[in-house]
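Listing of run_15.txt; format and content: compact mmCIF, C-alpha atoms and all ligand atoms.
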# COMPACT_ATOMS: atom_id res chain seq x y z
CA MET A 1369 16.33 12.60 7.35
CA ILE A 1370 12.92 14.18 7.87
CA LEU A 1371 9.72 12.40 6.94
CA LEU A 1372 7.32 14.93 5.41
CA GLY A 1373 4.41 12.72 4.42
CA ASP A 1374 2.88 9.40 5.43
CA TYR A 1375 0.94 7.81 2.58
CA HIS A 1376 -0.37 4.60 4.15
CA THR A 1377 -2.66 5.15 7.13
CA HIS A 1378 -5.88 3.40 8.10
CA THR A 1379 -8.93 4.75 9.91
CA LYS A 1380 -12.27 3.46 11.18
CA TYR A 1381 -13.34 3.11 7.56
CA SER A 1382 -11.32 -0.14 7.72
CA ARG A 1383 -14.23 -1.82 9.47
CA LYS A 1384 -14.76 -4.01 12.53
CA ASN A 1385 -12.49 -1.91 14.72
CA HIS A 1386 -9.53 -2.84 12.48
CA GLY A 1387 -8.59 0.82 11.99
CA LYS A 1388 -8.90 2.60 15.32
CA GLY A 1389 -8.97 6.34 14.64
CA THR A 1390 -10.87 8.95 12.67
CA VAL A 1391 -9.47 10.97 9.77
CA LEU A 1392 -9.23 13.98 12.07
CA GLU A 1393 -7.31 11.98 14.68
CA ASN A 1394 -4.80 10.71 12.10
CA ALA A 1395 -4.37 14.22 10.71
CA SER A 1396 -3.95 15.76 14.18
CA VAL A 1397 -1.14 13.34 15.06
CA ALA A 1398 0.45 14.04 11.67
CA ARG A 1399 0.36 17.77 12.37
CA ASP A 1400 1.84 17.29 15.84
CA LYS A 1401 4.70 15.25 14.35
CA GLY A 1402 5.44 17.86 11.70
CA LEU A 1403 4.09 16.00 8.67
CA LYS A 1404 2.79 18.16 5.82
CA GLN A 1405 0.73 15.55 4.02
CA ILE A 1406 -0.91 12.19 4.73
CA ALA A 1407 -3.04 9.73 2.82
CA ILE A 1408 -6.05 7.87 4.18
CA THR A 1409 -5.76 4.43 2.61
CA ASP A 1410 -8.23 2.02 4.09
CA HIS A 1411 -8.48 -1.60 2.98
CA GLY A 1412 -9.94 -2.24 -0.46
CA PHE A 1413 -13.55 -3.07 -1.23
CA ASN A 1414 -13.13 -6.85 -1.56
CA HIS A 1415 -11.64 -7.28 1.89
CA TRP A 1416 -14.65 -9.02 3.38
CA MET A 1417 -13.73 -8.31 7.00
CA PHE A 1418 -12.12 -4.87 7.04
CA GLY A 1419 -12.69 -3.33 3.59
CA ILE A 1420 -14.12 0.18 3.19
CA LYS A 1421 -17.61 0.33 1.64
CA ARG A 1422 -18.13 2.32 -1.55
CA LYS A 1423 -21.18 3.93 0.02
CA ASP A 1424 -18.91 5.45 2.71
CA ILE A 1425 -16.72 7.35 0.24
CA PRO A 1426 -18.82 10.60 0.28
CA GLN A 1427 -18.58 10.71 4.09
CA LEU A 1428 -14.84 10.01 3.92
CA LYS A 1429 -14.46 12.91 1.50
CA GLU A 1430 -16.30 15.18 3.90
CA ASP A 1431 -14.16 14.01 6.84
CA ILE A 1432 -11.04 14.78 4.81
CA LEU A 1433 -12.17 18.32 3.95
CA ASN A 1434 -13.05 18.93 7.56
CA ALA A 1435 -9.75 17.55 8.95
CA ARG A 1436 -7.76 19.53 6.37
CA GLU A 1437 -9.48 22.69 7.50
CA ILE A 1438 -8.86 22.04 11.20
CA THR A 1439 -5.28 20.73 11.06
CA GLY A 1440 -3.80 22.39 7.97
CA VAL A 1441 -2.39 18.99 6.92
CA ASP A 1442 -2.94 18.15 3.27
CA ILE A 1443 -4.88 14.87 3.16
CA LEU A 1444 -5.11 12.60 0.14
CA LEU A 1445 -7.96 10.17 -0.37
CA GLY A 1446 -6.64 6.74 -1.23
CA VAL A 1447 -7.29 3.06 -0.90
CA GLU A 1448 -5.12 0.01 -0.26
CA SER A 1449 -6.49 -2.09 -3.06
CA ASN A 1450 -6.33 -5.89 -3.05
CA LEU A 1451 -5.02 -8.14 -5.76
CA ILE A 1452 -7.88 -10.53 -6.43
CA SER A 1453 -6.54 -12.90 -9.07
CA ALA A 1454 -3.46 -14.59 -10.43
CA ASP A 1455 -4.12 -12.58 -13.57
CA GLY A 1456 -3.46 -9.28 -11.80
CA ASP A 1457 -7.06 -8.19 -11.29
CA ILE A 1458 -7.78 -5.79 -8.43
CA ASP A 1459 -10.81 -4.62 -6.44
CA VAL A 1460 -10.83 -1.06 -7.76
CA VAL A 1461 -12.92 -0.34 -10.85
CA GLU A 1462 -12.62 2.45 -13.39
CA ASP A 1463 -15.19 4.71 -11.72
CA ASP A 1464 -13.31 4.55 -8.41
CA PHE A 1465 -10.39 6.45 -9.91
CA GLU A 1466 -12.63 9.52 -10.04
CA PHE A 1467 -12.24 9.99 -6.30
CA LEU A 1468 -8.77 8.55 -5.70
CA ASP A 1469 -5.83 10.89 -5.15
CA ILE A 1470 -3.47 7.98 -4.51
CA PHE A 1471 -3.74 4.30 -5.23
CA LEU A 1472 -1.94 1.64 -3.17
CA MET A 1473 -2.04 -2.05 -3.94
CA GLY A 1474 -0.95 -5.24 -2.21
CA PHE A 1475 -1.78 -8.82 -1.40
CA HIS A 1476 -3.99 -9.55 1.62
CA ASN A 1477 -5.81 -12.47 3.10
CA LEU A 1478 -9.56 -12.55 3.85
CA VAL A 1479 -10.28 -11.11 0.44
CA LYS A 1480 -13.07 -12.02 -1.94
CA MET A 1481 -11.10 -13.34 -4.90
CA LYS A 1482 -12.17 -13.27 -8.54
CA THR A 1483 -12.63 -17.04 -8.93
CA MET A 1484 -12.51 -20.18 -6.79
CA LYS A 1485 -9.25 -21.03 -8.50
CA ASP A 1486 -7.73 -17.72 -7.35
CA LEU A 1487 -9.01 -18.31 -3.85
CA PHE A 1488 -7.31 -21.68 -3.82
CA TYR A 1489 -4.05 -20.89 -5.61
CA ILE A 1490 -3.47 -17.43 -4.16
CA ASN A 1491 -5.13 -17.05 -0.76
CA TRP A 1492 -5.20 -20.61 0.50
CA ALA A 1493 -1.86 -21.61 -0.97
CA ASN A 1494 -0.15 -18.60 0.63
CA GLY A 1495 -2.26 -18.33 3.75
CA MET A 1496 -2.17 -21.92 4.86
CA SER A 1497 1.29 -22.94 3.84
CA VAL A 1498 3.63 -23.79 6.68
CA PHE A 1499 6.40 -24.91 4.36
CA SER A 1500 8.96 -22.78 2.61
CA PRO A 1501 7.42 -21.42 -0.58
CA SER A 1502 7.62 -23.43 -3.77
CA GLN A 1503 9.06 -21.86 -6.88
CA GLU A 1504 5.62 -22.27 -8.43
CA ARG A 1505 3.95 -20.25 -5.68
CA ILE A 1506 6.54 -17.46 -5.90
CA SER A 1507 6.18 -17.34 -9.63
CA ARG A 1508 2.36 -17.20 -9.43
CA ASN A 1509 2.45 -14.33 -6.92
CA THR A 1510 5.04 -12.47 -8.97
CA THR A 1511 3.05 -12.81 -12.17
CA ALA A 1512 -0.03 -11.39 -10.46
CA PHE A 1513 1.93 -8.25 -9.53
CA LEU A 1514 3.51 -7.86 -12.96
CA LYS A 1515 0.14 -8.15 -14.68
CA ALA A 1516 -1.50 -5.69 -12.28
CA LEU A 1517 1.30 -3.17 -12.80
CA ASP A 1518 0.80 -3.49 -16.50
CA LYS A 1519 -2.97 -2.97 -16.30
CA TYR A 1520 -3.41 -0.33 -13.59
CA PRO A 1521 -1.84 3.00 -12.60
CA VAL A 1522 -0.53 1.83 -9.24
CA ASP A 1523 1.19 4.53 -7.18
CA VAL A 1524 2.56 2.30 -4.41
CA ILE A 1525 3.01 -1.43 -3.82
CA THR A 1526 2.50 -2.07 -0.11
CA HIS A 1527 4.48 -4.50 2.08
CA LEU A 1528 5.75 -6.53 -0.86
CA ASN A 1529 6.70 -10.12 0.04
CA PHE A 1530 4.76 -10.09 3.32
CA GLY A 1531 2.80 -13.35 3.57
CA PHE A 1532 2.84 -13.76 -0.20
CA PRO A 1533 6.39 -14.70 -1.24
CA THR A 1534 7.36 -12.87 -4.39
CA ASP A 1535 10.34 -12.27 -6.64
CA THR A 1536 10.75 -8.78 -5.24
CA VAL A 1537 13.45 -7.65 -7.63
CA ALA A 1538 11.39 -8.61 -10.70
CA VAL A 1539 8.41 -6.67 -9.33
CA ALA A 1540 10.58 -3.67 -8.41
CA ARG A 1541 12.07 -3.57 -11.93
CA MET A 1542 8.62 -3.44 -13.47
CA ALA A 1543 7.52 -0.88 -10.85
CA LYS A 1544 10.40 1.36 -11.85
CA GLU A 1545 9.39 1.13 -15.49
CA LYS A 1546 5.79 2.07 -14.63
CA GLY A 1547 6.60 4.88 -12.19
CA THR A 1548 5.31 2.85 -9.22
CA LEU A 1549 6.88 3.20 -5.79
CA ILE A 1550 7.99 0.32 -3.58
CA GLU A 1551 6.95 0.80 0.04
CA LEU A 1552 9.40 0.57 2.92
CA ASN A 1553 6.84 -0.28 5.56
CA GLY A 1554 7.30 1.14 9.05
CA LYS A 1555 6.09 -2.07 10.70
CA ARG A 1556 7.63 -4.83 8.67
CA ILE A 1557 10.42 -5.19 6.15
CA ASN A 1558 10.25 -8.33 4.05
CA PHE A 1559 13.24 -7.68 1.79
CA THR A 1560 16.73 -9.03 2.20
CA ASP A 1561 19.56 -6.50 2.26
CA LYS A 1562 20.74 -7.94 -1.03
CA GLU A 1563 17.37 -7.39 -2.70
CA LEU A 1564 17.24 -3.79 -1.52
CA GLU A 1565 20.76 -3.14 -2.70
CA ILE A 1566 19.93 -4.45 -6.17
CA MET A 1567 16.76 -2.31 -6.30
CA ALA A 1568 18.63 0.77 -5.13
CA SER A 1569 21.44 0.29 -7.64
CA GLU A 1570 18.90 -0.04 -10.45
CA GLY A 1571 17.17 3.22 -9.57
CA VAL A 1572 13.95 1.86 -8.04
CA LYS A 1573 12.03 4.56 -6.14
CA PHE A 1574 10.84 3.96 -2.58
CA ILE A 1575 8.27 5.50 -0.26
CA VAL A 1576 8.42 5.25 3.53
CA ASP A 1577 5.03 4.70 5.19
CA SER A 1578 3.77 3.80 8.65
CA ASP A 1579 0.84 1.52 7.70
CA ALA A 1580 -0.67 2.94 10.92
CA HIS A 1581 -3.89 1.32 12.11
CA SER A 1582 -4.20 3.71 15.05
CA PRO A 1583 -3.61 7.49 15.19
CA GLU A 1584 -0.58 7.38 17.49
CA ARG A 1585 1.29 5.27 14.95
CA VAL A 1586 0.93 7.81 12.13
CA GLY A 1587 4.44 8.88 11.07
CA GLU A 1588 6.11 5.99 12.95
CA VAL A 1589 8.62 4.66 10.46
CA ASN A 1590 11.76 4.01 12.48
CA LYS A 1591 12.21 0.49 11.18
CA ALA A 1592 12.39 1.79 7.62
CA LEU A 1593 14.62 4.74 8.53
CA ASN A 1594 17.08 2.46 10.32
CA LEU A 1595 17.24 0.28 7.24
CA ILE A 1596 17.85 3.25 4.94
CA PHE A 1597 20.62 4.41 7.22
CA ARG A 1598 22.20 0.99 7.64
CA LEU A 1599 22.23 0.17 3.92
CA ASN A 1600 22.96 3.74 2.94
CA LEU A 1601 20.07 3.74 0.45
CA PRO A 1602 20.20 6.87 -1.75
CA LEU A 1603 17.88 9.51 -0.31
CA ASN A 1604 17.11 10.89 -3.76
CA GLN A 1605 15.33 7.57 -4.46
CA ILE A 1606 13.06 7.94 -1.45
CA VAL A 1607 10.23 10.25 -2.44
CA ASN A 1608 8.97 11.43 0.95
CA ILE A 1609 12.10 12.11 2.97
CA ASP A 1610 13.12 15.79 2.98
CA LYS A 1611 10.58 16.33 0.15
CA LEU A 1612 7.00 15.67 -0.90
CA PRO A 1613 6.00 13.34 -3.74
CA HIS A 1614 3.42 13.97 -6.47
CA PHE A 1615 0.80 11.43 -7.40
CA GLU A 1616 -1.55 13.37 -9.62
CA ASN A 1617 -0.03 12.07 -12.86
CA LYS A 1618 -1.68 8.73 -12.14
CA ARG A 1619 -5.08 10.10 -11.33
CA GLY A 1620 -7.88 8.93 -13.57
CA LYS A 1621 -5.57 7.25 -16.03
CA ILE A 1622 -6.99 3.77 -15.95
ZN ZN B 1701 -4.93 -3.70 8.02
ZN ZN B 1702 -1.79 -3.97 3.88
Using structure tokens, write down the structure that the file contains.
Ligand SMILES: [Zn+2]
Ligand SMILES: [Zn+2]
Amino acid sequence: MILLGDYHTHTKYSRKNHGKGTVLENASVARDKGLKQIAITDHGFNHWMFGIKRKDIPQLKEDILNAREITGVDILLGVESNLISADGDIDVVEDDFEFLDIFLMGFHNLVKMKTMKDLFYINWANGMSVFSPSQERISRNTTAFLKALDKYPVDVITHLNFGFPTDTVAVARMAKEKGTLIELNGKRINFTDKELEIMASEGVKFIVDSDAHSPERVGEVNKALNLIFRLNLPLNQIVNIDKLPHFENKRGKI
């Protein structure tokens, strides 16, 4: 099992020292670990603490060209977009797809939501709850994903079920239909074995990513690899092990 690409890495463009390295540093570590391709996917625009600024995109593009030249690693420009409403709205707009090579999406806290109601029912309800999730909360989170998948050309759903309890199998089924990949995150797995086995048996496609916030963690996906090995998940359903995926079919399709 050889990982050839890491499609979820953060840099200093995730602000306030949240992402630690530069594009060149991430790419250099990727090269040293034998990766052929990486994506720079900083937090989406509505993340009010760590989100990348739209005005920084031209500089990011330049950094990517420069790092590609120096390291020989192919680098995709992406974003880890935020869900911002129960209705499946996100913080990427049509014009943004012009510059995106890959488009990741997930739930996060500290995000500017679409309405006060979304702030309350999505962020506060999930972020502050110390009790086991209500059916209502799970169903609200799940619906947000299903609607977003229907509206937008999402390449990858990141760390599904982390902090925002979701009917993962329902989301994975829709993802399969839409050609969207489910991330096996190198830092945290929030699926039960049973859920993963159902997804695998139904032909859901997965991508293994580090979610690195510092250069040395680029390509670190052992948690996910151990899981794949232990559950014997079919390697032909994992798009970046022993092969490279293609994302360009989604580009500019919104
Ligand atoms: Zn982060
Ligand atoms: Zn994330």
Residue contacts of range 1567-1580 of chain A (6 Å, all atoms listed in the file) excluding same-chain residues fewer than 4 positions away, as a short mmCIF file (atom, residue, chain, number, x, y, z; two decimals) with C-alpha atoms, in the coordinates of the input:
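Once everything was written out, this is result37.cif:
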data_model
loop_
_atom_site.label_atom_id
_atom_site.label_comp_id
_atom_site.auth_asym_id
_atom_site.auth_seq_id
_atom_site.Cartn_x
_atom_site.Cartn_y
_atom_site.Cartn_z
CA ASP A 1374 2.88 9.40 5.43
CA TYR A 1375 0.94 7.81 2.58
CA HIS A 1376 -0.37 4.60 4.15
CA THR A 1377 -2.66 5.15 7.13
CA HIS A 1378 -5.88 3.40 8.10
CA LYS A 1544 10.40 1.36 -11.85
CA LEU A 1549 6.88 3.20 -5.79
CA ILE A 1550 7.99 0.32 -3.58
CA GLU A 1551 6.95 0.80 0.04
CA LEU A 1552 9.40 0.57 2.92
CA ASN A 1553 6.84 -0.28 5.56
CA GLY A 1554 7.30 1.14 9.05
CA ARG A 1585 1.29 5.27 14.95
CA VAL A 1586 0.93 7.81 12.13
CA GLY A 1587 4.44 8.88 11.07
CA GLU A 1588 6.11 5.99 12.95
CA VAL A 1589 8.62 4.66 10.46
CA GLN A 1605 15.33 7.57 -4.46
CA ILE A 1606 13.06 7.94 -1.45
CA VAL A 1607 10.23 10.25 -2.44
#
(message) If I take CA of Leu1371 in chain A and CA of Asp1610 in chain A, how far is one from the other in Å, to one decimal?
(response) 6.2 Å
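Here CA of Gly1474 in chain A stands at a distance of 14.0 Å from CA of Asp1535 in chain A.
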(request) Measure the distance from CA of Arg1422 in chain A to CA of Asp1463 in chain A in Å and round it to one decimal. (result) 10.9 Å
(message) Need the shell around range 1512-1517 of chain A: protein/DNA/RNA residues with any atom at most 10 Å away, counting only C-alpha atoms. Skip same-chain ones fewer than 4 positions apart. Format as a ChimeraX atom specification?
(response) /A:1451-1458,1473-1475,1490,1507-1508,1521-1523,1525,1528,1534-1536,1538-1543,1545-1548
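The binding environment of ligand ZN 1701 (chain B), defined as every protein, DNA or RNA residue with an atom no more than 7 Å away and counting only C-alpha atoms and all ligand atoms, comprises His1386, His1411 and His1581 of chain A.
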(request) For ligand ZN 1702 (chain B), collect every residue having any atom at a distance of at most 7 Å from a ligand atom (counting all atoms listed in the file); output as JSON, numbers by chain. (result) {"A": [1448, 1474, 1476, 1526, 1527]}
Store the residues of this selection in a file with C-alpha atoms, as an mmCIF file, keeping the file's coordinate frame.
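The result, stored in out.cif:
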data_model
loop_
_atom_site.group_PDB
_atom_site.id
_atom_site.type_symbol
_atom_site.label_atom_id
_atom_site.label_comp_id
_atom_site.auth_asym_id
_atom_site.auth_seq_id
_atom_site.Cartn_x
_atom_site.Cartn_y
_atom_site.Cartn_z
ATOM 1 C CA GLU A 1448 -5.120 0.010 -0.260
ATOM 2 C CA GLY A 1474 -0.950 -5.240 -2.210
ATOM 3 C CA HIS A 1476 -3.990 -9.550 1.620
ATOM 4 C CA THR A 1526 2.500 -2.070 -0.110
ATOM 5 C CA HIS A 1527 4.480 -4.500 2.080
#
Identify, on the basis of all atoms listed in the file, every residue whose closest approach to Tyr1381 in chain A does not exceed 7 Å; exclude the query and any residue fewer than 3 positions from it along the same chain; express the result as a CSV table (one decimal) with C-alpha atoms, keeping the file's coordinate frame.
chain,number,residue,atom,x,y,z
A,1387,GLY,CA,-8.6,0.8,12.0
A,1410,ASP,CA,-8.2,2.0,4.1
A,1420,ILE,CA,-14.1,0.2,3.2
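With all atoms listed in the file as the atoms that count, the minimum distance from Pro1426 in chain A to the choices A:Pro1583, A:Asn1491, A:Asn1394, A:Asp1464 is reached by A:Asp1464.
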